[in-house]
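Data from final14.txt: compact mmCIF, C-alpha atoms
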# COMPACT_ATOMS: atom_id res chain seq x y z
CA MET A 1 169.17 29.96 97.54
CA ALA A 2 172.90 30.24 98.25
CA ASP A 3 174.06 31.59 101.59
CA GLU A 4 174.81 35.33 101.66
CA ILE A 5 177.83 36.86 103.38
CA PHE A 6 177.80 40.37 104.83
CA GLU A 7 180.59 42.49 106.32
CA HIS A 8 180.90 45.87 108.02
CA THR A 9 183.66 47.66 109.93
CA PHE A 10 182.73 50.42 112.39
CA GLU A 11 184.72 53.56 113.19
CA ASN A 12 186.18 52.17 116.40
CA GLY A 13 187.57 49.09 114.60
CA LEU A 14 184.80 46.69 115.62
CA ARG A 15 184.03 44.31 112.76
CA LEU A 16 180.75 42.54 111.99
CA VAL A 17 180.59 39.57 109.63
CA ALA A 18 177.61 37.33 108.97
CA GLN A 19 176.65 34.35 106.84
CA LYS A 20 172.91 34.13 106.24
CA SER A 21 171.11 30.88 105.52
CA SER A 22 167.42 31.58 104.94
CA SER A 23 166.53 27.89 105.29
CA ALA A 24 167.96 27.66 108.81
CA LEU A 25 165.54 27.48 111.72
CA SER A 26 167.95 29.05 114.21
CA ALA A 27 170.65 31.69 114.41
CA ALA A 28 173.97 31.93 116.22
CA ILE A 29 176.17 34.85 117.17
CA GLY A 30 179.52 35.21 118.86
CA ILE A 31 182.03 37.76 120.05
CA PHE A 32 185.51 36.62 119.02
CA VAL A 33 188.52 38.27 120.67
CA ARG A 34 192.01 38.07 119.17
CA ASN A 35 193.49 37.17 122.51
CA GLY A 36 194.58 33.83 123.89
CA ALA A 37 197.25 32.07 125.88
CA ARG A 38 199.98 33.17 123.47
CA ASP A 39 199.30 36.81 124.34
CA GLU A 40 200.08 36.34 128.03
CA GLU A 41 203.32 37.06 129.86
CA PRO A 42 204.63 34.37 132.24
CA ASN A 43 203.14 36.17 135.26
CA GLU A 44 199.77 36.28 133.44
CA SER A 45 199.59 32.59 132.51
CA GLY A 46 195.95 31.49 132.61
CA ILE A 47 194.51 35.01 132.87
CA SER A 48 192.55 34.85 129.58
CA HIS A 49 190.84 31.64 130.66
CA LEU A 50 190.10 33.18 134.06
CA ILE A 51 188.55 36.21 132.34
CA GLU A 52 186.36 33.84 130.32
CA HIS A 53 184.98 32.53 133.62
CA MET A 54 184.57 35.99 135.14
CA LEU A 55 182.49 37.37 132.28
CA PHE A 56 179.65 35.12 133.45
CA LYS A 57 179.86 36.50 137.00
CA GLY A 58 177.93 39.69 136.49
CA THR A 59 177.93 42.89 134.48
CA LYS A 60 177.65 46.57 135.36
CA LYS A 61 173.86 46.15 135.02
CA ARG A 62 173.14 42.62 136.27
CA SER A 63 174.29 40.16 138.87
CA ALA A 64 175.44 36.69 137.80
CA LEU A 65 172.02 35.31 138.74
CA ASP A 66 170.15 38.00 136.79
CA LEU A 67 172.39 37.35 133.80
CA THR A 68 171.59 33.64 133.97
CA TYR A 69 167.85 34.38 134.09
CA ALA A 70 168.11 36.82 131.16
CA ILE A 71 169.85 34.18 129.05
CA SER A 72 167.30 31.53 130.05
CA ASN A 73 164.40 33.82 129.20
CA LEU A 74 165.67 33.96 125.62
CA GLY A 75 165.92 30.18 125.42
CA ALA A 76 169.55 30.66 124.42
CA GLN A 77 172.41 28.18 124.46
CA VAL A 78 175.41 30.21 125.63
CA ASN A 79 178.99 29.07 125.96
CA ALA A 80 182.58 30.27 125.70
CA PHE A 81 186.09 29.01 125.10
CA THR A 82 189.68 30.15 125.38
CA SER A 83 192.35 28.80 123.04
CA GLU A 84 195.99 29.55 122.34
CA GLU A 85 195.06 32.42 120.03
CA GLU A 86 191.49 33.53 120.72
CA THR A 87 188.67 33.81 123.21
CA ALA A 88 185.02 33.54 122.18
CA PHE A 89 181.61 34.04 123.77
CA TYR A 90 178.74 32.73 121.70
CA ALA A 91 175.10 31.73 121.66
CA ALA A 92 172.41 29.99 119.61
CA VAL A 93 168.81 31.23 119.63
CA LEU A 94 165.67 31.45 117.54
CA PRO A 95 166.13 34.02 114.75
CA GLU A 96 163.84 36.63 116.33
CA LYS A 97 165.96 36.66 119.51
CA LEU A 98 169.34 37.15 117.83
CA THR A 99 169.80 40.85 118.59
CA ASP A 100 168.54 40.33 122.14
CA ILE A 101 171.23 37.77 122.88
CA GLU A 102 173.78 39.95 121.10
CA ASN A 103 172.98 42.74 123.53
CA LEU A 104 173.50 40.36 126.45
CA LEU A 105 176.84 39.19 125.06
CA PHE A 106 177.98 42.80 124.73
CA GLU A 107 176.74 43.49 128.24
CA MET A 108 179.02 40.66 129.39
CA MET A 109 181.87 42.58 127.76
CA GLU A 110 181.34 45.22 130.48
CA PRO A 111 181.96 42.94 133.46
CA SER A 112 181.71 44.04 137.06
CA PHE A 113 184.51 41.69 138.15
CA PRO A 114 183.09 41.30 141.70
CA GLU A 115 186.03 40.69 144.01
CA ALA A 116 184.35 37.96 146.06
CA ASP A 117 183.48 36.02 142.90
CA PHE A 118 186.99 36.60 141.58
CA GLU A 119 188.56 34.74 144.50
CA LEU A 120 185.93 32.00 144.26
CA GLU A 121 186.41 31.59 140.51
CA LYS A 122 190.16 31.28 140.94
CA LYS A 123 189.44 28.27 143.15
CA VAL A 124 187.16 26.86 140.43
CA VAL A 125 189.94 27.20 137.86
CA LEU A 126 192.47 25.66 140.23
CA GLU A 127 190.15 22.69 140.61
CA GLU A 128 189.85 22.51 136.82
CA ILE A 129 193.64 22.43 136.55
CA ALA A 130 193.76 19.62 139.11
CA GLN A 131 191.15 17.63 137.19
CA TYR A 132 193.11 17.94 133.95
CA GLN A 133 196.30 16.90 135.73
CA ASP A 134 194.56 13.60 136.46
CA ARG A 135 194.46 12.93 132.70
CA PRO A 136 197.78 11.53 131.45
CA GLN A 137 197.11 12.51 127.84
CA PHE A 138 196.48 16.14 128.80
CA CYS A 139 199.53 16.23 131.04
CA LEU A 140 201.79 14.93 128.30
CA PHE A 141 200.43 17.25 125.59
CA GLU A 142 200.75 20.30 127.84
CA LYS A 143 204.31 19.42 128.83
CA ALA A 144 205.28 18.44 125.27
CA LEU A 145 203.98 21.69 123.78
CA LYS A 146 205.87 23.72 126.37
CA ASP A 147 209.15 21.90 125.74
CA TYR A 148 208.66 21.66 121.96
CA PHE A 149 207.99 25.38 121.47
CA GLY A 150 210.38 26.53 124.19
CA LEU A 151 210.28 30.33 124.44
CA HIS A 152 207.87 30.65 121.51
CA PRO A 153 204.42 31.80 122.78
CA SER A 154 202.70 28.84 121.11
CA GLY A 155 203.90 26.78 124.06
CA ASN A 156 201.95 28.86 126.59
CA SER A 157 199.42 26.99 128.72
CA ILE A 158 195.75 27.92 128.34
CA LEU A 159 194.81 27.01 131.91
CA GLY A 160 198.02 28.25 133.47
CA THR A 161 199.51 26.62 136.55
CA LYS A 162 198.41 26.51 140.17
CA ARG A 163 201.13 29.01 140.97
CA SER A 164 200.39 31.46 138.14
CA VAL A 165 196.60 31.46 138.62
CA SER A 166 196.88 31.77 142.40
CA ALA A 167 199.11 34.83 141.97
CA ILE A 168 196.79 36.75 139.58
CA SER A 169 195.40 39.82 141.34
CA HIS A 170 192.03 41.51 140.99
CA LYS A 171 193.68 44.64 139.56
CA GLN A 172 195.74 42.55 137.17
CA ILE A 173 192.68 40.93 135.62
CA GLN A 174 190.97 44.32 135.21
CA ASP A 175 194.02 45.87 133.57
CA PHE A 176 194.49 42.92 131.22
CA PHE A 177 190.85 43.04 130.17
CA LYS A 178 191.03 46.76 129.39
CA SER A 179 194.13 46.37 127.24
CA HIS A 180 193.12 43.25 125.30
CA TYR A 181 189.34 43.25 124.89
CA GLY A 182 188.71 46.51 123.07
CA PRO A 183 186.65 46.97 119.86
CA SER A 184 189.65 46.92 117.53
CA ASN A 185 190.56 43.46 118.79
CA ILE A 186 187.05 42.02 118.41
CA ILE A 187 184.83 40.70 115.67
CA VAL A 188 181.14 39.88 115.91
CA ALA A 189 180.14 36.89 113.78
CA ALA A 190 176.62 35.63 113.05
CA THR A 191 175.32 32.61 111.17
CA GLY A 192 171.95 31.12 110.35
CA ASN A 193 168.68 32.90 109.68
CA PHE A 194 168.61 36.61 110.58
CA ASP A 195 167.72 40.09 109.36
CA TRP A 196 171.02 41.70 108.29
CA GLU A 197 169.78 45.29 108.43
CA ARG A 198 168.43 44.82 111.94
CA LEU A 199 171.66 43.12 113.05
CA LEU A 200 173.75 45.92 111.53
CA LYS A 201 171.65 48.60 113.22
CA GLU A 202 171.83 46.90 116.60
CA THR A 203 175.59 46.30 116.39
CA ALA A 204 176.15 49.93 115.41
CA LYS A 205 175.46 50.87 119.03
CA TYR A 206 178.73 49.20 119.95
CA GLY A 207 180.54 50.60 116.94
CA ILE A 208 180.69 53.95 118.72
CA LEU A 209 182.33 52.61 121.86
CA LYS A 210 185.67 54.15 122.66
CA ALA A 211 188.48 52.55 120.69
CA ASN A 212 191.55 51.49 122.62
CA GLY A 213 195.05 50.45 121.69
CA LYS A 214 195.26 47.18 119.80
CA PRO A 215 197.62 44.74 121.52
CA ASN A 216 200.69 43.90 119.51
CA ARG A 217 200.99 40.21 118.64
CA THR A 218 204.42 39.36 117.32
CA LEU A 219 204.31 36.63 114.68
CA ILE A 220 207.46 34.59 114.18
CA ARG A 221 207.82 31.03 112.95
CA HIS A 222 209.09 28.57 115.52
CA ASN A 223 212.58 27.24 114.87
CA HIS A 224 212.51 23.51 115.64
CA ASN A 225 215.44 21.57 117.05
CA PRO A 226 214.58 17.90 117.68
CA ILE A 227 214.59 16.88 121.34
CA PHE A 228 213.68 13.84 123.43
CA ARG A 229 211.98 14.16 126.82
CA GLU A 230 210.68 11.47 129.13
CA TYR A 231 208.51 12.27 132.12
CA PHE A 232 207.48 9.87 134.87
CA ARG A 233 204.37 9.35 137.02
CA GLU A 234 203.80 6.83 139.76
CA ASP A 235 200.08 6.36 139.11
CA LEU A 236 200.46 5.15 135.50
CA HIS A 237 200.13 1.65 134.09
CA GLN A 238 200.62 2.59 130.41
CA SER A 239 203.11 4.60 128.39
CA HIS A 240 201.96 7.66 126.45
CA ILE A 241 204.02 8.72 123.42
CA ILE A 242 203.98 11.88 121.29
CA LEU A 243 206.09 12.62 118.21
CA MET A 244 206.00 16.26 117.07
CA ALA A 245 207.40 17.86 113.93
CA PRO A 246 207.05 21.25 112.17
CA ALA A 247 204.05 21.66 109.88
CA PRO A 248 202.23 24.46 108.03
CA SER A 249 200.80 27.35 110.01
CA LEU A 250 197.26 28.64 109.64
CA ARG A 251 198.49 31.03 106.95
CA ASP A 252 200.51 28.55 104.87
CA LYS A 253 199.04 27.26 101.61
CA GLU A 254 200.27 23.74 102.44
CA ARG A 255 197.84 23.45 105.36
CA TYR A 256 195.21 21.60 103.30
CA ALA A 257 197.74 19.08 102.03
CA PHE A 258 198.81 18.40 105.61
CA GLY A 259 195.20 18.01 106.67
CA VAL A 260 194.82 15.20 104.14
CA LEU A 261 198.20 13.71 105.09
CA CYS A 262 197.21 13.55 108.77
CA SER A 263 194.03 11.70 107.85
CA VAL A 264 195.94 9.21 105.68
CA ILE A 265 198.57 8.51 108.33
CA GLY A 266 196.73 9.03 111.59
CA ASP A 267 192.95 9.05 111.35
CA VAL A 268 191.35 7.33 114.33
CA SER A 269 190.44 4.35 112.13
CA GLY A 270 191.44 3.02 108.71
CA SER A 271 194.75 4.93 108.65
CA ARG A 272 198.36 3.79 108.31
CA LEU A 273 198.99 4.35 112.00
CA TYR A 274 195.84 2.46 112.93
CA PHE A 275 196.82 -0.59 110.87
CA ASP A 276 200.44 -0.47 112.08
CA VAL A 277 199.89 -0.29 115.84
CA VAL A 278 196.22 -0.43 116.86
CA GLU A 279 194.78 -3.20 114.70
CA PRO A 280 197.61 -5.66 115.55
CA GLY A 281 197.15 -4.94 119.26
CA LEU A 282 200.39 -3.07 119.88
CA ALA A 283 198.65 0.11 121.07
CA GLU A 284 195.31 1.00 122.58
CA SER A 285 194.97 4.14 120.45
CA ALA A 286 196.98 6.13 117.92
CA THR A 287 196.27 9.36 116.02
CA MET A 288 198.02 12.09 114.04
CA GLU A 289 196.75 15.67 114.18
CA HIS A 290 197.74 18.99 112.64
CA ASP A 291 197.91 21.89 115.10
CA GLU A 292 197.78 25.21 113.24
CA ARG A 293 198.72 28.58 114.75
CA GLU A 294 198.97 31.97 113.05
CA ASP A 295 202.74 31.82 112.66
CA SER A 296 203.65 28.18 113.28
CA GLY A 297 202.27 24.70 113.09
CA CYS A 298 203.13 21.18 114.10
CA VAL A 299 201.91 17.64 113.64
CA ALA A 300 201.53 15.40 116.66
CA LEU A 301 201.40 11.62 116.54
CA TYR A 302 200.01 10.24 119.79
CA SER A 303 199.76 6.69 121.05
CA THR A 304 199.01 4.82 124.26
CA THR A 305 200.58 1.42 124.85
CA SER A 306 202.15 -0.80 127.49
CA LEU A 307 205.54 -0.01 128.96
CA GLU A 308 206.92 -3.18 127.39
CA LEU A 309 205.79 -2.21 123.87
CA ALA A 310 206.59 1.52 124.06
CA ASN A 311 209.86 1.35 122.12
CA LYS A 312 208.36 -0.83 119.40
CA VAL A 313 205.35 1.49 118.97
CA ALA A 314 207.56 4.60 118.96
CA ASP A 315 209.75 3.04 116.26
CA LYS A 316 206.71 2.34 114.08
CA MET A 317 205.45 5.88 114.59
CA ARG A 318 208.81 7.33 113.64
CA ALA A 319 209.04 5.05 110.57
CA LEU A 320 205.81 6.57 109.26
CA LEU A 321 207.27 10.06 109.58
CA LYS A 322 210.50 9.06 107.85
CA ASN A 323 208.58 7.61 104.91
CA PRO A 324 205.39 9.69 104.89
CA LEU A 325 204.54 9.15 101.21
CA ASP A 326 204.11 5.40 101.46
CA PHE A 327 200.43 5.46 100.47
CA SER A 328 198.28 5.35 97.35
CA GLU A 329 196.08 7.90 95.58
CA GLU A 330 193.16 5.74 96.65
CA GLU A 331 194.04 6.42 100.29
CA VAL A 332 194.20 10.14 99.53
CA GLU A 333 190.70 10.05 98.02
CA ARG A 334 189.40 8.10 101.01
CA ALA A 335 190.93 10.61 103.42
CA LYS A 336 189.41 13.56 101.53
CA LYS A 337 185.96 12.00 101.74
CA LYS A 338 186.31 11.62 105.51
CA ILE A 339 187.41 15.23 105.90
CA ARG A 340 184.62 16.57 103.71
CA VAL A 341 181.92 14.57 105.50
CA ARG A 342 183.12 15.80 108.90
CA LEU A 343 183.28 19.38 107.66
CA VAL A 344 179.74 19.25 106.30
CA GLN A 345 178.35 17.53 109.39
CA GLY A 346 180.03 20.02 111.70
CA ASN A 347 178.71 23.01 109.75
CA GLU A 348 175.12 21.97 109.02
CA VAL A 349 173.63 23.93 111.92
CA PRO A 350 174.30 27.65 112.55
CA LEU A 351 176.04 27.10 115.90
CA GLY A 352 178.40 24.54 114.39
CA ARG A 353 179.19 26.88 111.50
CA LEU A 354 179.72 29.89 113.75
CA ILE A 355 182.95 28.77 115.42
CA GLY A 356 184.90 28.10 112.23
CA PHE A 357 183.42 31.11 110.46
CA GLY A 358 184.28 33.51 113.28
CA SER A 359 187.73 32.05 113.89
CA ASP A 360 188.61 32.22 110.18
CA TYR A 361 187.58 35.87 109.97
CA LEU A 362 189.51 36.70 113.13
CA ALA A 363 192.66 35.14 111.67
CA PHE A 364 192.42 36.16 108.00
CA GLY A 365 190.27 39.29 108.02
CA VAL A 366 188.04 37.92 105.25
CA PRO A 367 185.07 35.54 105.39
CA ILE A 368 185.76 32.01 104.17
CA SER A 369 182.81 29.86 103.14
CA ILE A 370 182.57 26.18 103.97
CA GLN A 371 182.54 25.51 100.22
CA GLU A 372 185.97 27.14 99.89
CA HIS A 373 187.34 24.78 102.53
CA LEU A 374 185.68 21.79 100.85
CA ASP A 375 187.07 22.74 97.45
CA SER A 376 190.57 23.28 98.88
CA PHE A 377 190.63 19.80 100.41
CA GLN A 378 189.11 18.20 97.31
CA ALA A 379 191.85 19.67 95.11
CA ILE A 380 194.66 17.95 97.04
CA SER A 381 196.55 15.12 95.33
CA LYS A 382 199.48 12.99 96.42
CA LYS A 383 201.74 15.33 94.39
CA ASP A 384 200.54 18.27 96.49
CA ILE A 385 201.35 16.37 99.68
CA ALA A 386 204.80 15.51 98.35
CA LYS A 387 205.44 19.16 97.50
CA ALA A 388 204.29 20.26 100.97
CA LEU A 389 206.66 17.74 102.55
CA GLU A 390 209.57 19.36 100.71
CA THR A 391 208.91 22.49 102.78
CA PHE A 392 207.89 20.69 105.96
CA PRO A 393 209.74 17.35 106.14
CA LEU A 394 208.71 15.14 109.04
CA SER A 395 211.84 13.02 109.45
CA GLU A 396 213.34 15.05 112.33
CA ALA A 397 210.63 14.76 114.97
CA SER A 398 210.84 15.47 118.67
CA GLU A 399 209.69 12.70 120.98
CA PHE A 400 207.95 12.96 124.33
CA ARG A 401 206.94 10.14 126.66
CA LEU A 402 204.97 9.89 129.86
CA THR A 403 206.01 6.66 131.51
CA PRO A 404 205.15 4.66 134.67
CA SER A 405 207.87 5.69 137.11
CA ASN A 406 208.71 2.33 138.69
CA GLY A 407 210.67 4.27 141.28
CA LYS A 408 212.33 6.68 138.81
CA ASN A 409 212.46 10.41 139.38
CA SER A 410 211.61 13.41 137.14
CA PRO A 411 207.85 13.44 137.85
CA VAL A 412 205.52 15.59 135.74
Reformat the file's structure so that it appears as structure tokens.
Amino acid sequence: MADEIFEHTFENGLRLVAQKSSSALSAAIGIFVRNGARDEEPNESGISHLIEHMLFKGTKKRSALDLTYAISNLGAQVNAFTSEEETAFYAAVLPEKLTDIENLLFEMMEPSFPEADFELEKKVVLEEIAQYQDRPQFCLFEKALKDYFGLHPSGNSILGTKRSVSAISHKQIQDFFKSHYGPSNIIVAATGNFDWERLLKETAKYGILKANGKPNRTLIRHNHNPIFREYFREDLHQSHIILMAPAPSLRDKERYAFGVLCSVIGDVSGSRLYFDVVEPGLAESATMEHDEREDSGCVALYSTTSLELANKVADKMRALLKNPLDFSEEEVERAKKKIRVRLVQGNEVPLGRLIGFGSDYLAFGVPISIQEHLDSFQAISKKDIAKALETFPLSEASEFRLTPSNGKNSPV
């Protein structure tokens, strides 16, 4: 029996969408909020991620410990994430416990924001920032995105900085939550095996919550001007290189063609980039990925190599972008098979399916089945990639390097 998709919008703007698979042995549910790093002002940088942490620190009905016990008693796997454009709180349970965990997730959406825990959790986030700063790849990507996008909100940091997070006040986090986490800015998504009528009835309790103003997200495509930036760190022994160029956004029809192109050029193995720099021993690793946002997108070629080989590797990376169609239809077919296998594997269980399903609905306002994604990738040919490259040429890429300092200045 084919999966069934259900939808309902409540009076306060809260939306419920579900994909039922009667053969599944579990169910998953999530609350997806159309709020992420891009929706923060400079003095709020990192606040959405901090709120993600705080929602596990107690509700108006339960302490953090009681909340943990309640989740454990349901046998649930609960997690959350904050991205550039959304925040999500989600769980996987046995089908008969789905509405119980939904009620707990909604209870978390009425946080107590205990002040003592707030100060403690800021320290936790500051430690998380410090841990990520120890990773050269993360440091370079964060810095590159900021400089590449400039004033465009797509360059905002998810974690924030030590300065911005330290400065966030208790009142500030409460005010931000009230203005950004209302029903009209939320969808509830469910996947797996469940009773739709029961789920609809249970969710209706939250469909009568007071509606609030929906935050305004301005969508504007990023205007790219190629730049070169080199950053230095004393504790490095290798060079890290990123080339970035404009690419389709989440809403552009060319996104599927670019997904295939990135696999052809920069899949972790068996790609053009792999055979040009990794297989001959010029670089330790090399990939090309497509980063899609609602209004903008970019591709990022990344490689790690020695300081001595950095220029040679960067030249080979740039050559691929200047001649991106130097591949065969056979390579296109091979890339599509890789993409389709990964899509199917990642969506076989309800929890794996939930994230893409909920995020798609949050962005597009309509449910998109995994089969639609599979068919869209399967339909791509080399001609489609060539046509997409007419709109999004890759020849004028920005370049970013993180390099061993050897006594030079300009540290990251």
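Here atom CA of A:Ile265 stands at a distance of 11.2 Å from atom CA of A:Ala300.
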Nearby residues (all atoms listed in the file) at most 7 Å from A:Ser48, same-chain spacing under 5 positions excluded, as number ranges by chain: A: 36-37, 82
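With only C-alpha atoms as the atoms that count, the residue of A:Ala189, A:Ile370, A:Leu309, A:Ile380 with the shortest distance to A:Val341 is A:Ile370.
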Spatial neighbours of A:Gly192, 10 Å, all atoms listed in the file, chain gap at least 4 places, as a PyMOL selection string: chain A and resi 3+18-29+92-95+98+348-351+353-354
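Residue nearest A:Ile5 within the list A:Val313, A:Ile173, A:Leu65, A:Val366: A:Val366 [criterion: smallest interatomic distance, only C-alpha atoms].
Shortest separation to A:Asn212 among A:Ile101, A:Ile71, A:Ile368, A:Ile186 occurs at residue A:Ile186, atoms counted being only C-alpha atoms.
Picture a line from atom CA of A:Thr304 to atom CA of A:Ala130; it runs 21.6 Å.
Proximity ranking of A:Met109, A:Leu140, A:Leu394, A:Val125 relative to A:Phe56 places A:Met109 first, based on all atoms listed in the file.
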Nearby residues (only C-alpha atoms) at most 12 Å from A:Thr203, same-chain spacing under 3 positions excluded, as a PyMOL selection string: chain A and resi 7-10+14-18+29+31+98-106+183+187-190+196-200+206-209
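Among A:Leu151, A:Lys57, A:Ala80, A:Lys322, the residue with the shortest atom-to-atom distance to A:Ala116, counting all atoms listed in the file, is A:Lys57.
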Selected residue of minimal separation from A:His222 among A:Ala64, A:Val278, A:Leu145, A:Ala286, counting all atoms listed in the file: A:Leu145
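Atom pair atom CA of A:Val260 / atom CA of A:Ala335 has a distance of 6.1 Å (rounded to one decimal).
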